[in-house]
Each structure stands twice: as structure tokens, then as C-alpha cells.
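S.K.: Below is final-v7.csv; it holds CSV, C-alpha atoms.
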```csv
chain,number,residue,atom,x,y,z
A,1,MET,CA,127.7,-12.6,-28.0
A,2,LEU,CA,125.6,-15.3,-26.4
A,3,ASP,CA,124.6,-13.8,-23.1
A,4,LEU,CA,121.9,-13.9,-20.5
A,5,TYR,CA,122.1,-10.1,-20.1
A,6,SER,CA,118.9,-8.1,-20.2
A,7,PRO,CA,119.5,-4.5,-21.3
A,8,GLY,CA,118.5,-1.7,-19.1
A,9,SER,CA,119.6,1.5,-17.3
A,10,SER,CA,118.8,0.8,-13.7
A,11,LEU,CA,121.1,1.4,-10.8
A,12,LEU,CA,122.1,-2.3,-10.9
A,13,HIS,CA,122.9,-2.0,-14.6
A,14,ARG,CA,125.1,1.0,-14.0
A,15,MET,CA,127.0,-0.5,-11.1
A,16,THR,CA,130.4,-2.1,-12.0
A,17,PRO,CA,130.6,-5.9,-11.8
A,18,ALA,CA,133.0,-6.1,-8.9
A,19,PRO,CA,130.8,-4.6,-6.1
A,20,LYS,CA,127.8,-6.4,-7.5
A,21,MET,CA,129.5,-9.8,-7.3
A,22,LEU,CA,130.7,-9.0,-3.8
A,23,ALA,CA,127.2,-8.0,-2.6
A,24,MET,CA,125.8,-11.2,-4.2
A,25,LEU,CA,128.4,-13.4,-2.5
A,26,ILE,CA,127.7,-11.8,0.9
A,27,GLY,CA,124.0,-12.1,0.4
A,28,ALA,CA,124.3,-15.8,-0.6
A,29,THR,CA,126.4,-16.5,2.5
A,30,LEU,CA,123.9,-14.8,4.8
A,31,LEU,CA,121.1,-16.8,3.2
A,32,PHE,CA,123.0,-20.0,4.0
A,33,LEU,CA,123.9,-19.1,7.6
A,34,ASN,CA,120.3,-18.1,8.4
A,35,GLN,CA,118.2,-21.0,9.6
A,36,SER,CA,114.8,-19.4,10.1
A,37,LEU,CA,111.9,-19.7,7.8
A,38,PRO,CA,110.4,-16.2,8.3
A,39,LEU,CA,113.7,-14.6,7.5
A,40,THR,CA,114.1,-16.7,4.4
A,41,ILE,CA,110.6,-15.6,3.3
A,42,ALA,CA,111.5,-12.0,3.9
A,43,ALA,CA,114.7,-12.4,2.0
A,44,THR,CA,113.0,-14.0,-1.0
A,45,LEU,CA,110.4,-11.2,-1.1
A,46,GLY,CA,113.2,-8.6,-0.8
A,47,ILE,CA,115.1,-10.2,-3.7
A,48,LEU,CA,112.0,-10.3,-5.8
A,49,ALA,CA,111.4,-6.6,-5.0
A,50,LEU,CA,114.8,-5.9,-6.5
A,51,TYR,CA,113.7,-7.2,-9.9
A,52,PRO,CA,111.3,-4.3,-10.8
A,53,ILE,CA,113.9,-1.9,-9.4
A,54,ALA,CA,116.4,-3.4,-11.8
A,55,GLN,CA,113.9,-3.0,-14.7
A,56,LEU,CA,113.3,-6.7,-14.8
A,57,THR,CA,109.9,-8.3,-14.9
A,58,LEU,CA,108.6,-10.9,-12.5
A,59,LYS,CA,108.3,-13.1,-15.6
A,60,GLN,CA,112.0,-12.9,-16.0
A,61,ALA,CA,112.4,-13.8,-12.3
A,62,PHE,CA,110.2,-16.9,-12.8
A,63,ALA,CA,112.2,-17.8,-16.0
A,64,GLN,CA,115.3,-18.2,-13.8
A,65,ILE,CA,113.5,-20.7,-11.5
A,66,ARG,CA,111.6,-22.6,-14.2
A,67,PRO,CA,114.4,-25.0,-15.3
A,68,LEU,CA,114.7,-26.0,-11.6
A,69,LEU,CA,111.0,-26.5,-10.8
A,70,ILE,CA,111.1,-30.3,-11.1
A,71,ILE,CA,114.2,-30.5,-8.9
A,72,PHE,CA,112.5,-28.2,-6.4
A,73,ALA,CA,109.4,-30.3,-6.4
A,74,LEU,CA,111.5,-33.5,-5.8
A,75,PHE,CA,113.4,-31.9,-2.9
A,76,PHE,CA,110.2,-30.5,-1.5
A,77,ALA,CA,108.5,-33.9,-1.6
A,78,VAL,CA,111.4,-35.7,0.0
A,79,GLN,CA,111.8,-33.1,2.7
A,80,TRP,CA,108.1,-33.0,3.4
A,81,TYR,CA,107.9,-36.7,3.7
A,82,PHE,CA,110.9,-37.1,6.0
A,83,SER,CA,111.1,-33.8,7.9
A,84,GLY,CA,107.8,-32.0,7.7
A,85,ILE,CA,106.5,-29.1,5.6
A,86,GLU,CA,108.3,-26.3,7.4
A,87,LEU,CA,111.8,-27.6,6.6
A,88,ALA,CA,110.7,-28.5,3.1
A,89,THR,CA,109.5,-24.9,2.5
A,90,TYR,CA,112.7,-23.5,4.0
A,91,VAL,CA,115.0,-25.6,1.9
A,92,VAL,CA,113.2,-24.9,-1.4
A,93,LEU,CA,112.7,-21.3,-0.7
A,94,ARG,CA,116.3,-20.8,0.2
A,95,LEU,CA,117.4,-22.4,-3.0
A,96,ALA,CA,115.0,-20.2,-5.0
A,97,ALA,CA,116.2,-17.1,-3.2
A,98,LEU,CA,119.9,-18.0,-4.0
A,99,ILE,CA,119.1,-18.5,-7.7
A,100,LEU,CA,117.1,-15.3,-7.9
A,101,LEU,CA,119.9,-13.3,-6.2
A,102,ALA,CA,122.6,-14.7,-8.4
A,103,SER,CA,120.5,-14.2,-11.5
A,104,LEU,CA,120.0,-10.6,-10.6
A,105,VAL,CA,123.8,-10.1,-11.2
A,106,THR,CA,123.8,-12.2,-14.3
A,107,LEU,CA,120.8,-10.4,-15.8
A,108,THR,CA,122.2,-6.9,-15.2
A,109,THR,CA,125.8,-7.4,-16.2
A,110,LYS,CA,127.1,-7.9,-19.7
A,111,SER,CA,129.5,-10.9,-19.9
A,112,SER,CA,132.0,-8.8,-21.7
A,113,ASP,CA,132.1,-6.4,-18.7
A,114,MET,CA,132.4,-9.4,-16.4
A,115,ILE,CA,135.3,-10.8,-18.5
A,116,ASP,CA,137.0,-7.4,-18.3
A,117,THR,CA,136.6,-7.2,-14.6
A,118,MET,CA,137.9,-10.7,-14.2
A,119,THR,CA,141.0,-10.2,-16.3
A,120,ARG,CA,141.8,-7.0,-14.5
A,121,GLY,CA,141.4,-8.7,-11.2
A,122,LEU,CA,143.8,-11.4,-12.4
A,123,ARG,CA,146.6,-8.8,-12.3
A,124,TYR,CA,146.8,-9.4,-8.6
A,125,LEU,CA,147.5,-13.1,-9.2
A,126,ARG,CA,150.6,-12.4,-11.3
A,127,PRO,CA,153.0,-13.2,-8.5
A,128,LEU,CA,151.4,-16.7,-8.4
A,129,GLY,CA,152.3,-17.2,-12.1
A,130,VAL,CA,149.0,-16.2,-13.6
A,131,ASN,CA,149.4,-14.3,-16.8
A,132,PRO,CA,146.3,-12.1,-17.4
A,133,GLU,CA,147.0,-11.6,-21.2
A,134,GLN,CA,147.2,-15.4,-21.6
A,135,VAL,CA,143.9,-15.8,-19.8
A,136,SER,CA,142.1,-13.2,-21.9
A,137,LEU,CA,143.5,-14.9,-25.0
A,138,ALA,CA,142.1,-18.2,-23.7
A,139,ILE,CA,138.7,-16.7,-23.0
A,140,SER,CA,138.4,-15.1,-26.5
A,141,LEU,CA,139.6,-18.3,-28.2
A,142,ALA,CA,137.2,-20.5,-26.2
A,143,LEU,CA,134.2,-18.2,-27.1
A,144,ARG,CA,135.2,-18.3,-30.8
A,145,PHE,CA,135.8,-22.1,-30.8
A,146,ILE,CA,132.2,-22.9,-29.6
A,147,PRO,CA,130.4,-22.0,-32.9
A,148,VAL,CA,133.4,-23.4,-34.9
A,149,LEU,CA,133.1,-26.8,-33.1
A,150,ALA,CA,129.3,-26.8,-33.7
A,151,GLN,CA,130.0,-26.2,-37.4
A,152,ILE,CA,132.7,-29.0,-37.6
A,153,THR,CA,130.2,-31.4,-35.9
A,154,ARG,CA,127.6,-30.6,-38.6
A,155,GLU,CA,130.2,-31.2,-41.4
A,156,VAL,CA,131.4,-34.5,-39.9
A,157,ARG,CA,127.8,-35.6,-39.5
A,158,GLU,CA,127.0,-34.9,-43.1
A,159,ALA,CA,130.1,-36.8,-44.2
A,160,GLN,CA,129.3,-39.8,-42.0
A,161,LYS,CA,125.7,-39.8,-43.2
A,162,THR,CA,126.8,-40.8,-46.6
A,163,ARG,CA,128.5,-43.8,-45.0
A,164,GLY,CA,125.4,-44.5,-42.8
A,165,LEU,CA,127.4,-43.7,-39.7
A,166,GLU,CA,125.8,-40.5,-38.5
A,167,ARG,CA,124.4,-42.2,-35.5
A,168,SER,CA,127.6,-43.7,-34.3
A,169,VAL,CA,129.1,-41.5,-31.5
A,170,ILE,CA,132.7,-42.6,-32.1
A,171,ALA,CA,132.5,-42.2,-35.9
A,172,VAL,CA,131.4,-38.6,-35.4
A,173,ALA,CA,133.4,-37.6,-32.3
A,174,MET,CA,136.8,-39.1,-33.5
A,175,PRO,CA,137.2,-37.0,-36.7
A,176,LEU,CA,135.7,-34.1,-34.9
A,177,THR,CA,138.4,-34.1,-32.1
A,178,ILE,CA,141.2,-34.8,-34.6
A,179,ARG,CA,140.1,-31.9,-36.8
A,180,ALA,CA,139.7,-29.6,-33.8
A,181,ILE,CA,143.2,-30.3,-32.6
A,182,LYS,CA,144.6,-29.8,-36.1
A,183,MET,CA,142.8,-26.4,-36.1
A,184,ALA,CA,144.2,-25.6,-32.7
A,185,ASP,CA,147.7,-26.4,-33.9
A,186,GLU,CA,147.3,-24.1,-36.9
A,187,ILE,CA,145.9,-21.3,-34.8
A,188,SER,CA,148.7,-21.5,-32.3
A,189,ASP,CA,151.3,-21.5,-35.1
A,190,ALA,CA,149.5,-18.4,-36.6
A,191,ILE,CA,149.6,-16.6,-33.3
A,192,ASP,CA,153.3,-17.4,-32.7
A,193,SER,CA,154.3,-16.4,-36.3
A,194,ARG,CA,152.7,-13.0,-35.7
A,195,GLY,CA,155.0,-12.5,-32.8
A,196,TYR,CA,152.4,-12.7,-30.0
A,197,ARG,CA,154.2,-12.8,-26.7
A,198,SER,CA,152.1,-14.0,-23.8
B,1,MET,CA,153.1,-22.3,-20.9
B,2,THR,CA,153.4,-22.0,-24.6
B,3,THR,CA,150.8,-20.5,-27.0
B,4,LYS,CA,149.9,-24.0,-28.0
B,5,ASP,CA,149.0,-24.9,-24.4
B,6,THR,CA,146.8,-21.8,-24.2
B,7,VAL,CA,145.0,-22.7,-27.4
B,8,TYR,CA,144.5,-26.3,-26.3
B,9,ILE,CA,143.0,-25.1,-23.0
B,10,ALA,CA,140.6,-22.9,-24.8
B,11,LEU,CA,139.8,-25.7,-27.2
B,12,PHE,CA,138.8,-28.2,-24.6
B,13,ALA,CA,136.8,-25.5,-22.6
B,14,ALA,CA,134.9,-24.9,-25.9
B,15,LEU,CA,134.6,-28.6,-26.5
B,16,THR,CA,132.9,-29.0,-23.1
B,17,ALA,CA,130.5,-26.2,-24.0
B,18,ALA,CA,129.8,-27.7,-27.4
B,19,LEU,CA,129.0,-31.1,-25.8
B,20,GLY,CA,126.3,-29.2,-23.8
B,21,LEU,CA,124.7,-28.3,-27.1
B,22,MET,CA,123.9,-32.0,-27.8
B,23,PRO,CA,120.3,-32.8,-26.8
B,24,PRO,CA,120.4,-34.3,-23.2
B,25,LEU,CA,119.1,-37.8,-22.7
B,26,HIS,CA,116.2,-38.0,-20.3
B,27,PHE,CA,116.2,-41.3,-18.7
B,28,ALA,CA,115.5,-40.7,-15.0
B,29,GLY,CA,112.1,-39.5,-16.1
B,30,ALA,CA,112.2,-35.7,-15.7
B,31,ALA,CA,113.3,-36.0,-12.1
B,32,LEU,CA,116.8,-34.8,-12.1
B,33,PRO,CA,119.3,-32.9,-14.2
B,34,PRO,CA,119.1,-35.1,-17.4
B,35,ILE,CA,122.1,-37.0,-18.5
B,36,SER,CA,124.1,-34.7,-20.8
B,37,ALA,CA,127.2,-35.5,-22.7
B,38,GLN,CA,128.8,-32.5,-21.1
B,39,SER,CA,130.8,-34.2,-18.4
B,40,MET,CA,132.6,-36.1,-21.2
B,41,GLY,CA,134.4,-32.8,-21.7
B,42,VAL,CA,135.9,-33.3,-18.3
B,43,MET,CA,137.0,-36.8,-19.1
B,44,LEU,CA,138.4,-35.9,-22.5
B,45,ALA,CA,140.2,-32.8,-21.3
B,46,GLY,CA,141.9,-34.7,-18.5
B,47,ALA,CA,142.8,-37.8,-20.6
B,48,ALA,CA,144.0,-35.9,-23.6
B,49,LEU,CA,145.7,-32.8,-22.1
B,50,GLY,CA,147.0,-34.1,-18.8
B,51,ALA,CA,146.7,-32.7,-15.3
B,52,LYS,CA,147.6,-29.1,-15.6
B,53,ARG,CA,146.1,-28.2,-19.0
B,54,GLY,CA,143.1,-30.4,-18.5
B,55,GLY,CA,142.4,-28.8,-15.1
B,56,LEU,CA,142.8,-25.3,-16.5
B,57,ALA,CA,140.5,-26.0,-19.4
B,58,LEU,CA,137.7,-26.9,-17.1
B,59,LEU,CA,138.5,-24.0,-14.7
B,60,LEU,CA,138.1,-21.7,-17.7
B,61,PHE,CA,134.9,-23.4,-18.6
B,62,ILE,CA,133.5,-23.0,-15.1
B,63,ALA,CA,134.6,-19.4,-15.0
B,64,LEU,CA,132.8,-18.7,-18.2
B,65,VAL,CA,129.6,-20.3,-16.8
B,66,ALA,CA,130.0,-18.3,-13.5
B,67,ILE,CA,130.2,-14.9,-15.3
B,68,GLY,CA,126.8,-15.7,-16.9
B,69,LEU,CA,127.4,-17.4,-20.2
B,70,PRO,CA,124.7,-20.0,-20.9
B,71,LEU,CA,127.2,-22.8,-21.7
B,72,LEU,CA,125.8,-25.6,-19.5
B,73,SER,CA,123.5,-28.2,-21.2
B,74,GLY,CA,120.0,-26.8,-21.6
B,75,GLY,CA,121.4,-23.3,-22.0
B,76,ARG,CA,121.9,-22.8,-18.2
B,77,GLY,CA,124.5,-20.5,-16.8
B,78,GLY,CA,125.3,-17.9,-14.3
B,79,PHE,CA,126.5,-17.9,-10.7
B,80,GLY,CA,123.2,-19.3,-9.4
B,81,VAL,CA,123.6,-22.7,-11.1
B,82,LEU,CA,127.0,-23.1,-9.3
B,83,LEU,CA,125.3,-22.5,-6.0
B,84,GLY,CA,122.4,-24.8,-6.8
B,85,THR,CA,121.9,-28.5,-6.0
B,86,SER,CA,124.2,-29.7,-8.8
B,87,GLY,CA,126.8,-27.0,-8.1
B,88,GLY,CA,129.2,-29.4,-6.4
B,89,PHE,CA,129.4,-31.6,-9.5
B,90,LEU,CA,130.2,-28.5,-11.6
B,91,LEU,CA,132.7,-27.1,-9.3
B,92,SER,CA,134.4,-30.5,-9.0
B,93,TRP,CA,135.0,-30.6,-12.8
B,94,PRO,CA,138.4,-28.8,-12.8
B,95,ILE,CA,139.7,-31.1,-10.0
B,96,CYS,CA,138.3,-34.2,-11.7
B,97,ALA,CA,140.0,-33.3,-15.0
B,98,ALA,CA,143.2,-32.7,-13.2
B,99,VAL,CA,143.1,-36.0,-11.4
B,100,ILE,CA,142.2,-37.9,-14.6
B,101,GLY,CA,145.1,-36.1,-16.3
B,102,TYR,CA,147.5,-36.9,-13.5
B,103,LEU,CA,146.7,-40.6,-13.7
B,104,ALA,CA,146.7,-40.7,-17.5
B,105,GLU,CA,150.1,-38.9,-17.7
B,106,ARG,CA,151.7,-41.3,-15.2
B,107,ASP,CA,150.7,-44.3,-17.3
B,108,HIS,CA,151.1,-43.0,-20.8
B,109,GLU,CA,151.3,-46.4,-22.5
B,110,GLY,CA,148.6,-48.0,-20.4
B,111,GLY,CA,146.1,-48.7,-23.1
B,112,ALA,CA,142.4,-47.9,-23.4
B,113,LEU,CA,141.2,-50.2,-20.6
B,114,LYS,CA,143.5,-48.6,-17.9
B,115,LEU,CA,142.7,-45.2,-19.3
B,116,GLY,CA,139.0,-46.1,-18.8
B,117,VAL,CA,139.7,-47.0,-15.2
B,118,TYR,CA,141.4,-43.6,-14.6
B,119,ILE,CA,138.6,-41.8,-16.3
B,120,ALA,CA,136.0,-43.6,-14.1
B,121,LEU,CA,138.0,-42.8,-11.0
B,122,GLY,CA,138.2,-39.1,-11.7
B,123,GLY,CA,135.0,-38.7,-13.7
B,124,ILE,CA,132.6,-40.8,-11.6
B,125,VAL,CA,134.1,-41.6,-8.2
B,126,LEU,CA,135.7,-38.3,-7.5
B,127,MET,CA,132.9,-36.2,-9.1
B,128,TYR,CA,130.3,-38.0,-7.0
B,129,ALA,CA,132.5,-37.7,-3.9
B,130,VAL,CA,132.3,-33.9,-4.2
B,131,GLY,CA,128.9,-33.6,-5.8
B,132,ILE,CA,126.8,-35.8,-3.5
B,133,PRO,CA,127.8,-34.2,-0.2
B,134,TRP,CA,127.2,-30.8,-1.7
B,135,MET,CA,123.7,-31.9,-2.8
B,136,ALA,CA,123.1,-33.3,0.6
B,137,PHE,CA,124.2,-30.1,2.2
B,138,ILE,CA,122.4,-27.6,0.0
B,139,GLY,CA,119.2,-29.5,-0.1
B,140,LYS,CA,119.5,-30.6,3.5
B,141,LEU,CA,118.8,-34.0,2.2
B,142,GLY,CA,121.2,-36.2,4.1
B,143,MET,CA,123.9,-38.4,2.5
B,144,ALA,CA,121.9,-41.6,2.1
B,145,LYS,CA,119.0,-40.0,0.2
B,146,SER,CA,121.4,-38.0,-2.1
B,147,LEU,CA,123.4,-41.1,-2.8
B,148,SER,CA,120.3,-43.1,-3.8
B,149,ILE,CA,119.2,-40.3,-6.2
B,150,MET,CA,122.6,-40.4,-7.9
B,151,VAL,CA,122.5,-44.2,-8.5
B,152,ALA,CA,120.3,-43.5,-11.5
B,153,PHE,CA,123.1,-41.6,-13.2
B,154,ILE,CA,125.7,-44.3,-13.0
B,155,PRO,CA,124.7,-46.2,-16.2
B,156,GLY,CA,124.8,-43.1,-18.3
B,157,ASP,CA,128.2,-42.1,-16.8
B,158,LEU,CA,129.6,-45.5,-17.5
B,159,ILE,CA,128.7,-45.1,-21.2
B,160,LYS,CA,130.4,-41.7,-21.2
B,161,VAL,CA,133.6,-43.3,-19.6
B,162,VAL,CA,133.7,-46.0,-22.4
B,163,VAL,CA,133.3,-43.4,-25.2
B,164,ALA,CA,135.8,-41.0,-23.6
B,165,ALA,CA,138.4,-43.8,-23.1
B,166,ILE,CA,138.1,-44.9,-26.7
B,167,LEU,CA,138.4,-41.4,-28.0
B,168,ALA,CA,141.3,-40.4,-25.8
B,169,GLU,CA,143.2,-43.6,-26.5
B,170,ASN,CA,142.9,-43.0,-30.3
B,171,LEU,CA,143.8,-39.4,-29.8
B,172,ARG,CA,147.0,-40.4,-27.9
B,173,LYS,CA,147.9,-42.7,-30.9
B,174,ALA,CA,147.2,-40.0,-33.4
B,175,TYR,CA,149.0,-37.2,-31.5
B,176,PRO,CA,151.6,-38.8,-29.3
B,177,ASN,CA,153.0,-35.4,-28.3
B,178,LEU,CA,149.7,-33.7,-27.6
```
Before we go any further, please render this structure as C-alpha cells.
M.R.:
Amino acid sequence: MLDLYSPGSSLLHRMTPAPKMLAMLIGATLLFLNQSLPLTIAATLGILALYPIAQLTLKQAFAQIRPLLIIFALFFAVQWYFSGIELATYVVLRLAALILLASLVTLTTKSSDMIDTMTRGLRYLRPLGVNPEQVSLAISLALRFIPVLAQITREVREAQKTRGLERSVIAVAMPLTIRAIKMADEISDAIDSRGYRS
Amino acid sequence: MTTKDTVYIALFAALTAALGLMPPLHFAGAALPPISAQSMGVMLAGAALGAKRGGLALLLFIALVAIGLPLLSGGRGGFGVLLGTSGGFLLSWPICAAVIGYLAERDHEGGALKLGVYIALGGIVLMYAVGIPWMAFIGKLGMAKSLSIMVAFIPGDLIKVVVAAILAENLRKAYPNL
């Protein structure tokens, strides 16, 4: 399955998802409440120190930040210009620490485990009308539909290419959506005809 | 909810993910999250499925992103993205889809133009109304500066509104009982 998981056997890998998520949420909240730069620096270093403990490399840590470097640079520049270098450092460092902390959970937890935890947790929402089985069905269907939709897009593009229309958004998207909905209808009929009760 | 509803919800969550696979358009230089087709998933889900199913489709999508699947454009994912500068936009998606759906359902025979207005209300006005304060707060930027950053995105979003309105209107004609 497509996943950001990085295999390993560290303590963080062995922990179940729920306490990890909880710890991450508490940590993120604390990062937000704290307004001091030295504490933010300490927190960032502390989070970075958890990476080797979780059998992750600092290169992986940097890879989490890399897509955001340009945004960070922009924020840093704006803050520096308007509010001085100290606030600029604080804001950008706090963002980096948040991302690194959350990525720590993402990198050490398989999404399948996370989905299991989530659907198990949904039991408690049953009184509110949430049906956990229906949610897991929706999750597995959605994950299966993504590659199927990519495949249908390729086919429609090919077909429209012969008409010289492969660059027209509507000419590709319209048949794609119609075919996707037709497929969804067939699948739901198939599920119903096999006696699935959600 | 019937099985069909569940399958449609999954389909539009997947459609939003698939839209993220399309190469994003860089036109604000490289300054900000590039314009991706992904938020069109919000517009389409709302306009085609209505408030409840459209909102749930995007809730499902955001849940899948939160648990660490790289479904956002550019292969991003995980809880960190939701806490980041553009997190407010992402978290607003289920609400935006629900609002678009609500408006579209109320005026089922309204035609493409009105549908476009509803999509713009939910997919631009509301999305910015959640996303910009979030950006201002997380980045300690202040509203005025955040607002001016987002102006660059309006042209791209208007294009998405037009495309989504045409698609959703045709879809309504092809499947009146969707």
C-alpha cells in the first residue's frame, strides 16, 4: 500500500498508534502554547533527538521539512522584515518542530495499523449513528479506487488523443466522471447482491 | 445510508486523491503551495453528491491524509501537513463540500451559472474564510499579509470553479438521481 511508513523495530515502532497519536497531539498543543524562543529551540532539538532513537536518519527528518522550505523562507522573510529576527526564528522553528513531531508518528506507524485503530475507535461513536463497518468499507473502497481512477484517466486520455482532445480538461474529465460513477453503481450492486449488510 | 451512498463517498474521496496526482500548476513562482487541481474534488463532491455525502467524502479524504497516506498533491500527507500553514484550507474541505452540497441541493434545477456561484461561495469564499485566519495564526502573519498572499490564488481557483460547475451540471443531467 502507498504509505509514508519507514520500517523498523524501535520503541516508537512497537507502540500502538493510539498513545502515539495522543502524545503527538499533546506535544503539538504544548508547542503552540509556549511563546519562548529558547524553549522552542530545545523542543526542536529534543524532537530531532527522537529520530535516531526511532531508527530514523536525520536525512529522513530533513525530507519531511524539504517540501516546505520555500514557504518557511517566505514566512521567515516576512516576519523578519515586519517583526524582527527573533520572532521570525520562533515562528519558523515552531512550524518545523510541529512537522517533525507529527512526521515521527507517520514514519513509525503503518497506515493499515492506523486505519485499524481508527475503525476500532469509531465503535464509541455508534450512538451518534456512525457505523464502523460502513466506514471501513468506505476506506478500503477509496484506497482501491485511486489506482482505478488513474487507469481510467489514462484510457480516456488515449481515446481523446485520437480526436485531438487530450488537452481539453472537460473532454477528459467528463467521460472520466461518468465512467467512475457507472463503476460505483456496479460495485454497489455487486456488494448488495452478495448480501453485505452494513 | 445505503451501500450506494457509501460507495459514492469512497469514490469522491478517491477522486480528490486522484486529482492530486495531476501535475500542479506553478504560477505564483515557487512561493506558495502551487495551484493543484485537488480542491476541485471538494467542489465536485459537494455539487454532485449533496451536503451529507459530499461532506463525508471529504472527511474521509482528510482522515486518510491524517493517518499518513501521501494523498495530497505533491505526495504530501500525514498529520503534520494538517497542522502546517495550509492546514486550515485542508481542514475546511469537508465543511466547504457540505455547504456547496447544501446550496446545490436546495436549487436542484438552477443551471450551471447558479451552480457555479454556489461552488464559488463554498469553494473559494468559505475555504479562504477558514484558511486565511489559520495561516495568519500559525505563521503569526496577521490577517492583512495572509490575505494579500492568497490573492495570487484567486485566478486559479476561479478556473477550477468554472470547470467544476460545467462538470457537475452535466453530471446532474446524466444522472438526475445521483
S.K.: Set the cut-off to 6 Å and count all atoms listed in the file: what are the residues of chain A that reach chain B? Output as a PyMOL selection string.
M.R.: chain A and resi 3+71+99+102+106+138+141-142+145-146+188
S.K.: For each of B:Asp157, B:Glu169, B:Ile149, B:Ile95, take the minimum atom-to-atom distance to Lys114 of chain B, counting all atoms listed in the file, then give the residue where this is smallest.
M.R.: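 Of B:Asp157, B:Glu169, B:Ile149, B:Ile95, the one nearest Lys114 of chain B, counting all atoms listed in the file, is B:Glu169.
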S.K.: Which one of B:Cys96, B:Glu109, B:Leu56, B:Arg172 sits closest to Gln134 of chain A if you count only C-alpha atoms?
M.R.: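 Looking at the shortest contact to Gln134 of chain A, the residue is B:Leu56.
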S.K.: Which one of A:Thr57, A:Thr40, A:Gln151, A:Asn34 sits closest to Ala180 of chain A if you count all atoms listed in the file?
M.R.: A:Gln151
S.K.: What's the separation between atom CA of Ala152 of chain B and atom CA of Ile35 of chain B, in Å to one decimal place?
M.R.: 9.7 Å
S.K.: When you count all atoms listed in the file, which of these residues is closest to Ala47 of chain B: B:Gly131, B:Gly88, B:Pro176, B:Gly101?
M.R.: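 Using all atoms listed in the file, the shortest distance to Ala47 of chain B belongs to B:Gly101.
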S.K.: Would you mind writing segment 62-69 of chain A with all heavy atoms, as a short mmCIF file (atom, residue, chain, number, x, y, z; two decimals), in the coordinates of the input?
M.R.:
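Final output, saved to selection_5.cif:
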```
data_model
loop_
_atom_site.label_atom_id
_atom_site.label_comp_id
_atom_site.auth_asym_id
_atom_site.auth_seq_id
_atom_site.Cartn_x
_atom_site.Cartn_y
_atom_site.Cartn_z
N PHE A 62 110.75 -15.51 -12.80
CA PHE A 62 110.20 -16.90 -12.80
C PHE A 62 111.03 -17.72 -13.84
O PHE A 62 111.29 -18.90 -13.59
CB PHE A 62 108.75 -16.86 -13.21
CG PHE A 62 108.15 -18.24 -13.27
CD1 PHE A 62 108.02 -18.99 -12.11
CD2 PHE A 62 107.77 -18.80 -14.47
CE1 PHE A 62 107.50 -20.26 -12.14
CE2 PHE A 62 107.24 -20.08 -14.52
CZ PHE A 62 107.11 -20.81 -13.36
N ALA A 63 111.44 -17.09 -14.95
CA ALA A 63 112.20 -17.80 -16.00
C ALA A 63 113.51 -18.39 -15.39
O ALA A 63 114.02 -19.40 -15.86
CB ALA A 63 112.49 -16.95 -17.17
N GLN A 64 114.07 -17.72 -14.37
CA GLN A 64 115.30 -18.20 -13.80
C GLN A 64 115.06 -19.48 -12.96
O GLN A 64 115.92 -20.33 -12.84
CB GLN A 64 115.89 -17.15 -12.79
CG GLN A 64 116.05 -15.77 -13.40
CD GLN A 64 116.87 -15.80 -14.65
OE1 GLN A 64 117.91 -16.46 -14.72
NE2 GLN A 64 116.39 -15.13 -15.69
N ILE A 65 113.86 -19.57 -12.39
CA ILE A 65 113.50 -20.70 -11.50
C ILE A 65 112.99 -21.88 -12.34
O ILE A 65 113.16 -23.03 -11.96
CB ILE A 65 112.44 -20.24 -10.51
CG1 ILE A 65 112.97 -19.10 -9.66
CG2 ILE A 65 111.97 -21.37 -9.62
CD1 ILE A 65 114.01 -19.52 -8.66
N ARG A 66 112.37 -21.56 -13.47
CA ARG A 66 111.60 -22.60 -14.20
C ARG A 66 112.40 -23.86 -14.51
O ARG A 66 111.90 -24.95 -14.29
CB ARG A 66 111.03 -22.00 -15.50
CG ARG A 66 109.92 -22.88 -16.06
CD ARG A 66 109.20 -22.20 -17.19
NE ARG A 66 110.13 -21.50 -18.04
CZ ARG A 66 109.82 -20.39 -18.72
NH1 ARG A 66 108.63 -19.90 -18.66
NH2 ARG A 66 110.71 -19.81 -19.47
N PRO A 67 113.66 -23.75 -14.99
CA PRO A 67 114.40 -25.00 -15.30
C PRO A 67 114.56 -25.89 -14.06
O PRO A 67 114.84 -27.08 -14.19
CB PRO A 67 115.72 -24.55 -15.84
CG PRO A 67 115.70 -23.08 -15.91
CD PRO A 67 114.46 -22.57 -15.30
N LEU A 68 114.42 -25.30 -12.87
CA LEU A 68 114.70 -26.00 -11.60
C LEU A 68 113.44 -26.52 -10.94
O LEU A 68 113.52 -27.17 -9.89
CB LEU A 68 115.50 -25.16 -10.68
CG LEU A 68 116.89 -24.78 -11.19
CD1 LEU A 68 117.44 -23.60 -10.44
CD2 LEU A 68 117.82 -25.96 -11.06
N LEU A 69 112.27 -26.17 -11.52
CA LEU A 69 111.00 -26.50 -10.80
C LEU A 69 110.89 -27.95 -10.46
O LEU A 69 110.46 -28.30 -9.36
CB LEU A 69 109.82 -26.04 -11.68
CG LEU A 69 109.44 -24.57 -11.56
CD1 LEU A 69 108.22 -24.27 -12.41
CD2 LEU A 69 109.19 -24.18 -10.11
#
```
